[in-house]
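Each remark here refers to the structure printed beneath this line.
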Amino acid sequence: MAAAKEAENGSLPPQHCNISSPDDCVNAMKAGTDLVKVKSSRRHYQRRFVLDEEGLYIRWISQRKGSTDARIAITSVKEIRRGHNTASFRKHGKSFEPDRSFSIIYGDEYGSLDLVADSEDEANIWIEGLLCLTDENYAHQSVANKQQMRDRWLKVTFEEADKSGDGMLDESEIIELCQKINIGLSASRIKQKFREHDTDRAGTSRGRLDLDEFSSLFKELSTRAEIYHLLMRYSTSRDFLTAKELKYFLELEQGMRNVEKQHCEELIRTYEPTPEGREQLKLSVDGFTQMLLGRESMLMNPKHRDVFQDMTQPLSHYYIASSHNTYLAEDQLKGPSSVEMYIRALRRGCRCVELDCWDGSNNEPDVYHGHTWTSRILFKDIIVAVKEHSFATSEYPVILSLENHCSIPMQRVMAKHLTEILGDMLYTTPPDPESRYLPSPEELKGKILVKGKKLRAELERVDEGEDDGGDVSDEDEAADMDEEVKAKSRSPTPRQSSNGTDEADGQAHSRRRSAAHKGKKIKLAVSLSRLVTLVQSVHFKNFQESSESGKYFQMSSFTESAMGRMSASSSAEYIQYNKRQLSRIYPAGSRVNSSNYNPQTAWNTGCQIVALNYQTDGLEMDLNQGRFQINGKTGYVLKPEILRTEVSHVEVNSKNTISGLTPQLMTIKVISGQQLPKPPGSGAKGEVIDPFVAVEIHGVPYDCANEKTSTVKNNGFNPVWNKTFRFLMRFPDVAMIRFSVLDDDFVGDDFIGQYSVPVSSIQPGYRHIQLYSKAGELLSNSTLFVHVSFDQAYSLKKKLIFEHGSGSRTRRKLATPKKIKAPDVDRIFQNVADGLQSVVELKLRIETATEDFKMSCDKANVLQAMKLFVTRVKASNSEVSLAKVNDVLSVTYKKSESFPDSIEKMVVSLQRLLEASQAVISQADGIIGRLSGAYGAGQETFLDLDQQLAQARLKGRRLTQSHEAFAWNMQVVRSHTDLLKATKDQVLYMQRQIEDVANDHEMPVGYNV
């Protein structure tokens, strides 16, 4: 039992063998494998399972029956099932991982032998081997016919490379040939394998390989077991995928809808390396591997690489890539300043750069970090660089954030440089007094905006020669620093930064700056004030004043700690503020080593200009780079809808669900890694690494999580983890996910690479992840291979169990409108209360019917279940057919005494599924129309909502609750409208799948209009 316990925990080492063909799987089965036999919840037995040499029986040693009786004939095997897809496994196998579990269905009574392997690879070997042994076409092929397309291709390429014609290739020729046919292979790895295959040679043949040795070397290097087994799941030939099989893979595994055959054929022509495969439209394991490494198979949706978001919304509706103290190349106290830092930031897509402006020599303003020993650079040189590089990467607007400490004469020079150098690029149009929102990025294409202080209108009405300026408060960053200093000074022990500078030095510097600026007024030149139009800096007092009198073109800056406090205590008000006005967040003044704060907290509440020290690598800049790699790297990313729409109420710090949002369960399986490099500077440690993967979720507070795999010892070339993680997210649209690979070391884990991406940009299915270095540069050929899936979750319990129909009471409650206590307003939502409940009922009904049909066939999805259903019907000669009337499918059958009970069970469950589908199709449009009408009426009501609530004599807390209830109801109506639309689309797609399978397997389908 101890061994069984070890197997249950997955601690036994996997069997190491190279698998690149079905025969390899069969030979591994003949060698024998230790598997756990599951009989009941308490009866788990580890036995040695062996395929006999003739390939006729599966045998195992049984203490009760004896070795001669414990066997199953291959000819009696009816089916092989992956995972927990038998009644016994579902009842007794919950403690075992589904990926290591499989069942052999055998005999006329369809008995099941439920087994668990020590690893997923071992389970796959037995599954693929059994599928081959039970495939009559494959079993009866001759050895010559079993020669795979891949072997024929390798033979041709080898002979072409053999210029001497002696049937041998030396090391340099082998390296050149391998890299020619598989560009991802490194020369060092090929050399290593060459030496392994050359060790037994002597004399003139040493240092050269023949065809068989080359084929073996190439397959060991390029064949990844996890991808080979994945191909075998869909390949009937056991050699390649046809276009139709590729279509099934893309739809079932990769989450694609309505995949056209032409698209599959194009993929084969693009990725298949063998001429034979391209001509006959067959995708070999090498082509399949290259396809999974292709652009469309990466974790991030390839459509999100380009501009895919609406760029016509107000500027305040976007996250804007922003830099803090852009001129600094190193720390905040003594480091150099450089114009090059502006060029780098702008070319990385940064759209808001900062300039600290001070009086300089020779009548030219300087930029440097005031009251420090950082070097100075010319303001003019920066503006020239801004003109030349602002739109090299992105055509959308750039904001120059001016921290102005200059005298009036120097400010006039600044205005002159901005006007003359930037010319028409400079946006100087006054704000539209009739508008409520900022212009959009699309309207501001190619424009440069100046952010700064603004004089009152009457002070700007002076002639050019009378520009004596006017008084404004000093810049926000310096003025607000006093509060930051006080908070830091309460810290009992100053920390030391990574560059050896005490935080106390930063606090002292901050005190000097804040003392110099506290309560200070400065003169602002009219000529400079006139250039500030859409981004006018004002001091923030409170949310109520901003709501009542704030203008859309006014913005405020907040220290990271002020932002953190407001996000924690007033997230709903902060989100509401950020819908119309811009917020700029900047690092604490005590971060003298140019470290960064985590930008996610600011993003959660919709803050747009979240300024970071771009010169400092690390987690924070990884998240920033990940956030802004989407949408064409424009530096503008549209905020989630609930953070933009006027009628919404969001509390991001709540443990409960966020109104209008359905929580999601994201399941991530970290499968393997490829060609992971040694960490920089680790040469003394040795030639190999011990990698593990950390997976982090950064989002609203209760969504944040951190998991990691086990460590794989001494393998950076192809480590395999097969570790599954589940993350429950209340607000997935704002969340980021970060994968980091580290080298396990008892002294300290060394960083190897990372990848960060918004959760909303992730593609489901089997995906590769390209890793980036600490400096944000792509690591060539270094990847992770993962599987991702998303499910709706209707419970926030720590024990994550999400079965079909779960949370029905919660779902009905979430679809119930709240009382607003204003009769006319309440009537809008009460009129569609039944429609909201109908959405829930239809969704529950289709979920339950779908699960029942899948369970009746013991399959993981409808397509696989339908395939099995049709196969069983044909094998039993039962009279079953489909009918399609007015685009609605139904199933009919003629029952007789010989009609199998198992087939009847499938037919009944399929009929229930089709009836549930018909209910969705027939009712959806009417309900959607009613809900859309209510939402429109709600939008009109919102314009005079305050008046209607005042008429209802609502005040104080009751008034606030009514506003929140109205926002809740609007979000519920909108989300359930979208839910029903998606459900109808899913139903129509599912019916198309059922019809296609029936036609493919020649099951009768009657059509009537």
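Each chain in the structure tokens gets a letter, A, B and so on, in the order shown; residues start at 1 in every chain, and ligands are counted from 1 in the order they appear.
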Per residue of segment 114-186 of chain A within 10 Å of segment 281-291 of chain A, note the shortest atom pair and the distance in Å to one decimal, counting only C-alpha atoms, and order the rows by chain and increasing residue number, as JSON lines.
```
{"residue": "A:Gln148", "atom": "CA", "partner": "A:Ser284", "partner_atom": "CA", "distance": 9.2}
{"residue": "A:Met149", "atom": "CA", "partner": "A:Ser284", "partner_atom": "CA", "distance": 7.5}
{"residue": "A:Arg150", "atom": "CA", "partner": "A:Ser284", "partner_atom": "CA", "distance": 6.8}
{"residue": "A:Ile181", "atom": "CA", "partner": "A:Asp286", "partner_atom": "CA", "distance": 9.4}
{"residue": "A:Asn182", "atom": "CA", "partner": "A:Asp286", "partner_atom": "CA", "distance": 8.4}
{"residue": "A:Ile183", "atom": "CA", "partner": "A:Gln290", "partner_atom": "CA", "distance": 9.8}
{"residue": "A:Gly184", "atom": "CA", "partner": "A:Gln290", "partner_atom": "CA", "distance": 9.4}
```
Mind writing the picked residues with all heavy atoms as a PDB file, in the first residue's frame?
```pdb
ATOM      1  N   GLN A 148       6.868   5.552 -41.445  1.00  0.00           N
ATOM      2  CA  GLN A 148       6.124   6.796 -41.379  1.00  0.00           C
ATOM      3  C   GLN A 148       6.610   7.815 -42.402  1.00  0.00           C
ATOM      4  O   GLN A 148       7.730   7.765 -42.895  1.00  0.00           O
ATOM      5  CB  GLN A 148       6.243   7.375 -39.973  1.00  0.00           C
ATOM      6  CG  GLN A 148       5.596   6.488 -38.914  1.00  0.00           C
ATOM      7  CD  GLN A 148       5.734   7.105 -37.543  1.00  0.00           C
ATOM      8  OE1 GLN A 148       6.818   7.519 -37.164  1.00  0.00           O
ATOM      9  NE2 GLN A 148       4.641   7.149 -36.800  1.00  0.00           N
ATOM     10  N   MET A 149       5.722   8.740 -42.686  1.00  0.00           N
ATOM     11  CA  MET A 149       6.042   9.854 -43.575  1.00  0.00           C
ATOM     12  C   MET A 149       7.281  10.595 -43.072  1.00  0.00           C
ATOM     13  O   MET A 149       8.127  11.037 -43.858  1.00  0.00           O
ATOM     14  CB  MET A 149       4.831  10.788 -43.621  1.00  0.00           C
ATOM     15  CG  MET A 149       4.991  12.023 -44.478  1.00  0.00           C
ATOM     16  SD  MET A 149       3.435  12.923 -44.603  1.00  0.00           S
ATOM     17  CE  MET A 149       3.227  13.469 -42.915  1.00  0.00           C
ATOM     18  N   ARG A 150       7.386  10.674 -41.761  1.00  0.00           N
ATOM     19  CA  ARG A 150       8.531  11.364 -41.164  1.00  0.00           C
ATOM     20  C   ARG A 150       9.839  10.646 -41.502  1.00  0.00           C
ATOM     21  O   ARG A 150      10.850  11.296 -41.816  1.00  0.00           O
ATOM     22  CB  ARG A 150       8.323  11.407 -39.651  1.00  0.00           C
ATOM     23  CG  ARG A 150       9.347  12.240 -38.898  1.00  0.00           C
ATOM     24  CD  ARG A 150       9.160  12.046 -37.411  1.00  0.00           C
ATOM     25  NE  ARG A 150       9.754  13.094 -36.634  1.00  0.00           N
ATOM     26  CZ  ARG A 150       9.895  13.035 -35.323  1.00  0.00           C
ATOM     27  NH1 ARG A 150       9.466  11.970 -34.661  1.00  0.00           N
ATOM     28  NH2 ARG A 150      10.463  14.033 -34.665  1.00  0.00           N
ATOM     29  N   ILE A 181      16.389  21.727 -40.795  1.00  0.00           N
ATOM     30  CA  ILE A 181      15.040  21.163 -40.776  1.00  0.00           C
ATOM     31  C   ILE A 181      14.310  21.426 -39.463  1.00  0.00           C
ATOM     32  O   ILE A 181      13.114  21.191 -39.351  1.00  0.00           O
ATOM     33  CB  ILE A 181      15.056  19.644 -41.069  1.00  0.00           C
ATOM     34  CG1 ILE A 181      15.905  18.888 -40.048  1.00  0.00           C
ATOM     35  CG2 ILE A 181      15.554  19.389 -42.472  1.00  0.00           C
ATOM     36  CD1 ILE A 181      15.956  17.385 -40.281  1.00  0.00           C
ATOM     37  N   ASN A 182      15.027  21.932 -38.458  1.00  0.00           N
ATOM     38  CA  ASN A 182      14.379  22.335 -37.199  1.00  0.00           C
ATOM     39  C   ASN A 182      15.146  23.512 -36.634  1.00  0.00           C
ATOM     40  O   ASN A 182      16.144  23.349 -35.933  1.00  0.00           O
ATOM     41  CB  ASN A 182      14.350  21.174 -36.204  1.00  0.00           C
ATOM     42  CG  ASN A 182      13.494  21.496 -34.981  1.00  0.00           C
ATOM     43  OD1 ASN A 182      13.386  22.634 -34.567  1.00  0.00           O
ATOM     44  ND2 ASN A 182      12.875  20.475 -34.417  1.00  0.00           N
ATOM     45  N   ILE A 183      14.676  24.713 -36.959  1.00  0.00           N
ATOM     46  CA  ILE A 183      15.429  25.928 -36.655  1.00  0.00           C
ATOM     47  C   ILE A 183      15.588  26.162 -35.156  1.00  0.00           C
ATOM     48  O   ILE A 183      16.470  26.893 -34.718  1.00  0.00           O
ATOM     49  CB  ILE A 183      14.744  27.141 -37.317  1.00  0.00           C
ATOM     50  CG1 ILE A 183      15.696  28.328 -37.366  1.00  0.00           C
ATOM     51  CG2 ILE A 183      13.452  27.502 -36.602  1.00  0.00           C
ATOM     52  CD1 ILE A 183      15.217  29.463 -38.241  1.00  0.00           C
ATOM     53  N   GLY A 184      14.768  25.529 -34.333  1.00  0.00           N
ATOM     54  CA  GLY A 184      14.832  25.777 -32.897  1.00  0.00           C
ATOM     55  C   GLY A 184      15.914  25.028 -32.166  1.00  0.00           C
ATOM     56  O   GLY A 184      16.087  25.223 -30.971  1.00  0.00           O
TER      57      GLY A 184
END
```
Neighbour list for Ser917 of chain A as a PyMOL selection string, cut-off 7 Å, only C-alpha atoms, skip fewer than 3 positions in-chain: chain A and resi 846+913-914+920-921+987
Residue selection dump (N, CA, C and O atoms) as a PDB file, in the first residue's frame:
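Saved to part-v3.pdb:
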```pdb
ATOM      1  N   ILE A 846     -29.557  24.153 -19.968  1.00  0.00           N
ATOM      2  CA  ILE A 846     -28.642  23.690 -21.020  1.00  0.00           C
ATOM      3  C   ILE A 846     -27.376  23.107 -20.416  1.00  0.00           C
ATOM      4  O   ILE A 846     -26.811  22.130 -20.917  1.00  0.00           O
ATOM      5  N   LEU A 913     -31.029  17.170 -24.315  1.00  0.00           N
ATOM      6  CA  LEU A 913     -30.098  18.225 -24.703  1.00  0.00           C
ATOM      7  C   LEU A 913     -30.662  19.029 -25.873  1.00  0.00           C
ATOM      8  O   LEU A 913     -30.603  20.269 -25.882  1.00  0.00           O
ATOM      9  N   LEU A 914     -31.216  18.332 -26.858  1.00  0.00           N
ATOM     10  CA  LEU A 914     -31.776  19.026 -28.018  1.00  0.00           C
ATOM     11  C   LEU A 914     -33.025  19.825 -27.646  1.00  0.00           C
ATOM     12  O   LEU A 914     -33.272  20.898 -28.197  1.00  0.00           O
ATOM     13  N   VAL A 920     -33.688  27.434 -25.717  1.00  0.00           N
ATOM     14  CA  VAL A 920     -32.817  28.606 -25.803  1.00  0.00           C
ATOM     15  C   VAL A 920     -33.032  29.336 -27.126  1.00  0.00           C
ATOM     16  O   VAL A 920     -33.207  30.568 -27.165  1.00  0.00           O
ATOM     17  N   ILE A 921     -33.036  28.586 -28.223  1.00  0.00           N
ATOM     18  CA  ILE A 921     -33.157  29.196 -29.550  1.00  0.00           C
ATOM     19  C   ILE A 921     -34.498  29.915 -29.712  1.00  0.00           C
ATOM     20  O   ILE A 921     -34.566  31.024 -30.262  1.00  0.00           O
ATOM     21  N   VAL A 987     -25.189  27.249 -28.185  1.00  0.00           N
ATOM     22  CA  VAL A 987     -26.166  26.222 -28.547  1.00  0.00           C
ATOM     23  C   VAL A 987     -26.169  25.985 -30.058  1.00  0.00           C
ATOM     24  O   VAL A 987     -26.175  24.838 -30.526  1.00  0.00           O
TER      25      VAL A 987
END
```
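Among the candidates A:Lys723, A:Arg872, A:Lys219, A:His1001, the residue lying nearest to Arg100 of chain A is A:Lys723 (atoms considered: only C-alpha atoms).
Within the 8 Å cut-off around Ile72 of chain A, using only C-alpha atoms and omitting residues fewer than 3 positions from it on the same chain, the listed residues are Tyr57, Ile58, Arg59, Ser76, Val77 and Tyr106 of chain A.
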Output all heavy atoms for every residue in that selection, as a compact mmCIF listing (two decimals), in the first residue's frame.
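So again28.txt came out as:
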```txt
# COMPACT_ATOMS: atom_id res chain seq x y z
N TYR A 57 -2.44 -10.07 -25.19
CA TYR A 57 -3.06 -9.94 -23.87
C TYR A 57 -2.35 -8.87 -23.03
O TYR A 57 -1.13 -8.70 -23.13
CB TYR A 57 -3.00 -11.27 -23.10
CG TYR A 57 -3.83 -12.37 -23.69
CD1 TYR A 57 -3.27 -13.29 -24.58
CD2 TYR A 57 -5.19 -12.50 -23.35
CE1 TYR A 57 -4.04 -14.32 -25.12
CE2 TYR A 57 -5.95 -13.53 -23.90
CZ TYR A 57 -5.38 -14.43 -24.79
OH TYR A 57 -6.14 -15.43 -25.32
N ILE A 58 -3.15 -8.22 -22.20
CA ILE A 58 -2.59 -7.40 -21.11
C ILE A 58 -2.65 -8.26 -19.86
O ILE A 58 -3.71 -8.77 -19.50
CB ILE A 58 -3.43 -6.11 -20.89
CG1 ILE A 58 -3.45 -5.26 -22.15
CG2 ILE A 58 -2.89 -5.31 -19.71
CD1 ILE A 58 -4.47 -4.15 -22.09
N ARG A 59 -1.51 -8.44 -19.22
CA ARG A 59 -1.43 -9.31 -18.05
C ARG A 59 -0.97 -8.52 -16.83
O ARG A 59 -0.27 -7.52 -16.96
CB ARG A 59 -0.45 -10.46 -18.30
CG ARG A 59 -0.81 -11.34 -19.49
CD ARG A 59 0.24 -12.42 -19.68
NE ARG A 59 -0.04 -13.25 -20.84
CZ ARG A 59 -0.80 -14.34 -20.82
NH1 ARG A 59 -1.37 -14.73 -19.68
NH2 ARG A 59 -1.01 -15.05 -21.91
N SER A 76 -10.85 -8.13 -26.93
CA SER A 76 -12.07 -7.83 -26.17
C SER A 76 -12.18 -6.37 -25.78
O SER A 76 -13.20 -5.94 -25.23
CB SER A 76 -12.12 -8.69 -24.89
OG SER A 76 -11.15 -8.24 -23.95
N VAL A 77 -11.13 -5.59 -26.08
CA VAL A 77 -11.13 -4.17 -25.69
C VAL A 77 -12.06 -3.39 -26.61
O VAL A 77 -11.91 -3.39 -27.83
CB VAL A 77 -9.70 -3.59 -25.74
CG1 VAL A 77 -9.73 -2.09 -25.47
CG2 VAL A 77 -8.81 -4.29 -24.72
N TYR A 106 -13.91 -3.18 -21.71
CA TYR A 106 -13.72 -4.48 -22.39
C TYR A 106 -14.93 -5.38 -22.17
O TYR A 106 -15.73 -5.18 -21.25
CB TYR A 106 -12.45 -5.17 -21.87
CG TYR A 106 -12.52 -5.55 -20.40
CD1 TYR A 106 -12.93 -6.83 -20.00
CD2 TYR A 106 -12.22 -4.63 -19.40
CE1 TYR A 106 -13.00 -7.18 -18.67
CE2 TYR A 106 -12.30 -4.96 -18.07
CZ TYR A 106 -12.70 -6.24 -17.71
OH TYR A 106 -12.78 -6.58 -16.38
```
Proximity to Glu964 of chain A - best of A:Ile61, A:Ile820, A:Ala28, A:Met256, only C-alpha atoms: A:Ile820
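One finds atom CA of Pro22 of chain A at 24.7 Å from atom CA of Glu265 of chain A.
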Secondary structure check, alpha helix (DSSP H) residues of segment 314-459 of chain A, as a PyMOL selection string: chain A and resi 340-347+379-389+408-422+457-459
Residue list (strand (DSSP E or B), DSSP) for segment 511-705 of chain A, as number ranges by chain: A: 521-524, 532-537, 554-559, 583-586, 609-612, 636-638, 664-674, 691-698, 705
Nearest candidate to Asn604 of chain A (options A:Met990, A:Val885, A:Met566, A:Ala123; using only C-alpha atoms): A:Met566
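The coordinates place atom CA of Phe240 of chain A at 10.9 Å from atom CA of Gln280 of chain A.
Put simply, atom CA of Met311 of chain A is 22.1 Å away from atom CA of Ser401 of chain A.
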7 Å contact set for Ser473 of chain A, only C-alpha atoms, chain neighbours under 4 positions out, as a PyMOL selection string: chain A and resi 520-522
Keeping N, CA, C and O atoms for every residue in the selection just given, could you write it to a file as a PDB file, in the first residue's frame?
```
ATOM      1  N   LYS A 520       4.304  76.848  -1.026  1.00  0.00           N
ATOM      2  CA  LYS A 520       4.942  77.852  -1.886  1.00  0.00           C
ATOM      3  C   LYS A 520       4.113  78.113  -3.137  1.00  0.00           C
ATOM      4  O   LYS A 520       3.525  77.203  -3.713  1.00  0.00           O
ATOM      5  N   LYS A 521       4.076  79.376  -3.533  1.00  0.00           N
ATOM      6  CA  LYS A 521       3.461  79.769  -4.798  1.00  0.00           C
ATOM      7  C   LYS A 521       4.574  80.098  -5.774  1.00  0.00           C
ATOM      8  O   LYS A 521       5.637  80.599  -5.403  1.00  0.00           O
ATOM      9  N   ILE A 522       4.357  79.776  -7.035  1.00  0.00           N
ATOM     10  CA  ILE A 522       5.328  80.141  -8.060  1.00  0.00           C
ATOM     11  C   ILE A 522       4.643  80.963  -9.129  1.00  0.00           C
ATOM     12  O   ILE A 522       3.410  80.951  -9.259  1.00  0.00           O
TER      13      ILE A 522
END
```
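All residues of protein, DNA or RNA that reach within 7 Å of segment 80-82 of chain A, judged by only C-alpha atoms and not counting those fewer than 6 positions away in the chain, are Ser101, Phe102, Ser103, Ile104, Ile105 and Ile127 of chain A.
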Counting only C-alpha atoms, the option among A:Trp968, A:Phe899, A:Phe49, A:Tyr228 closest to Thr33 of chain A: A:Phe49
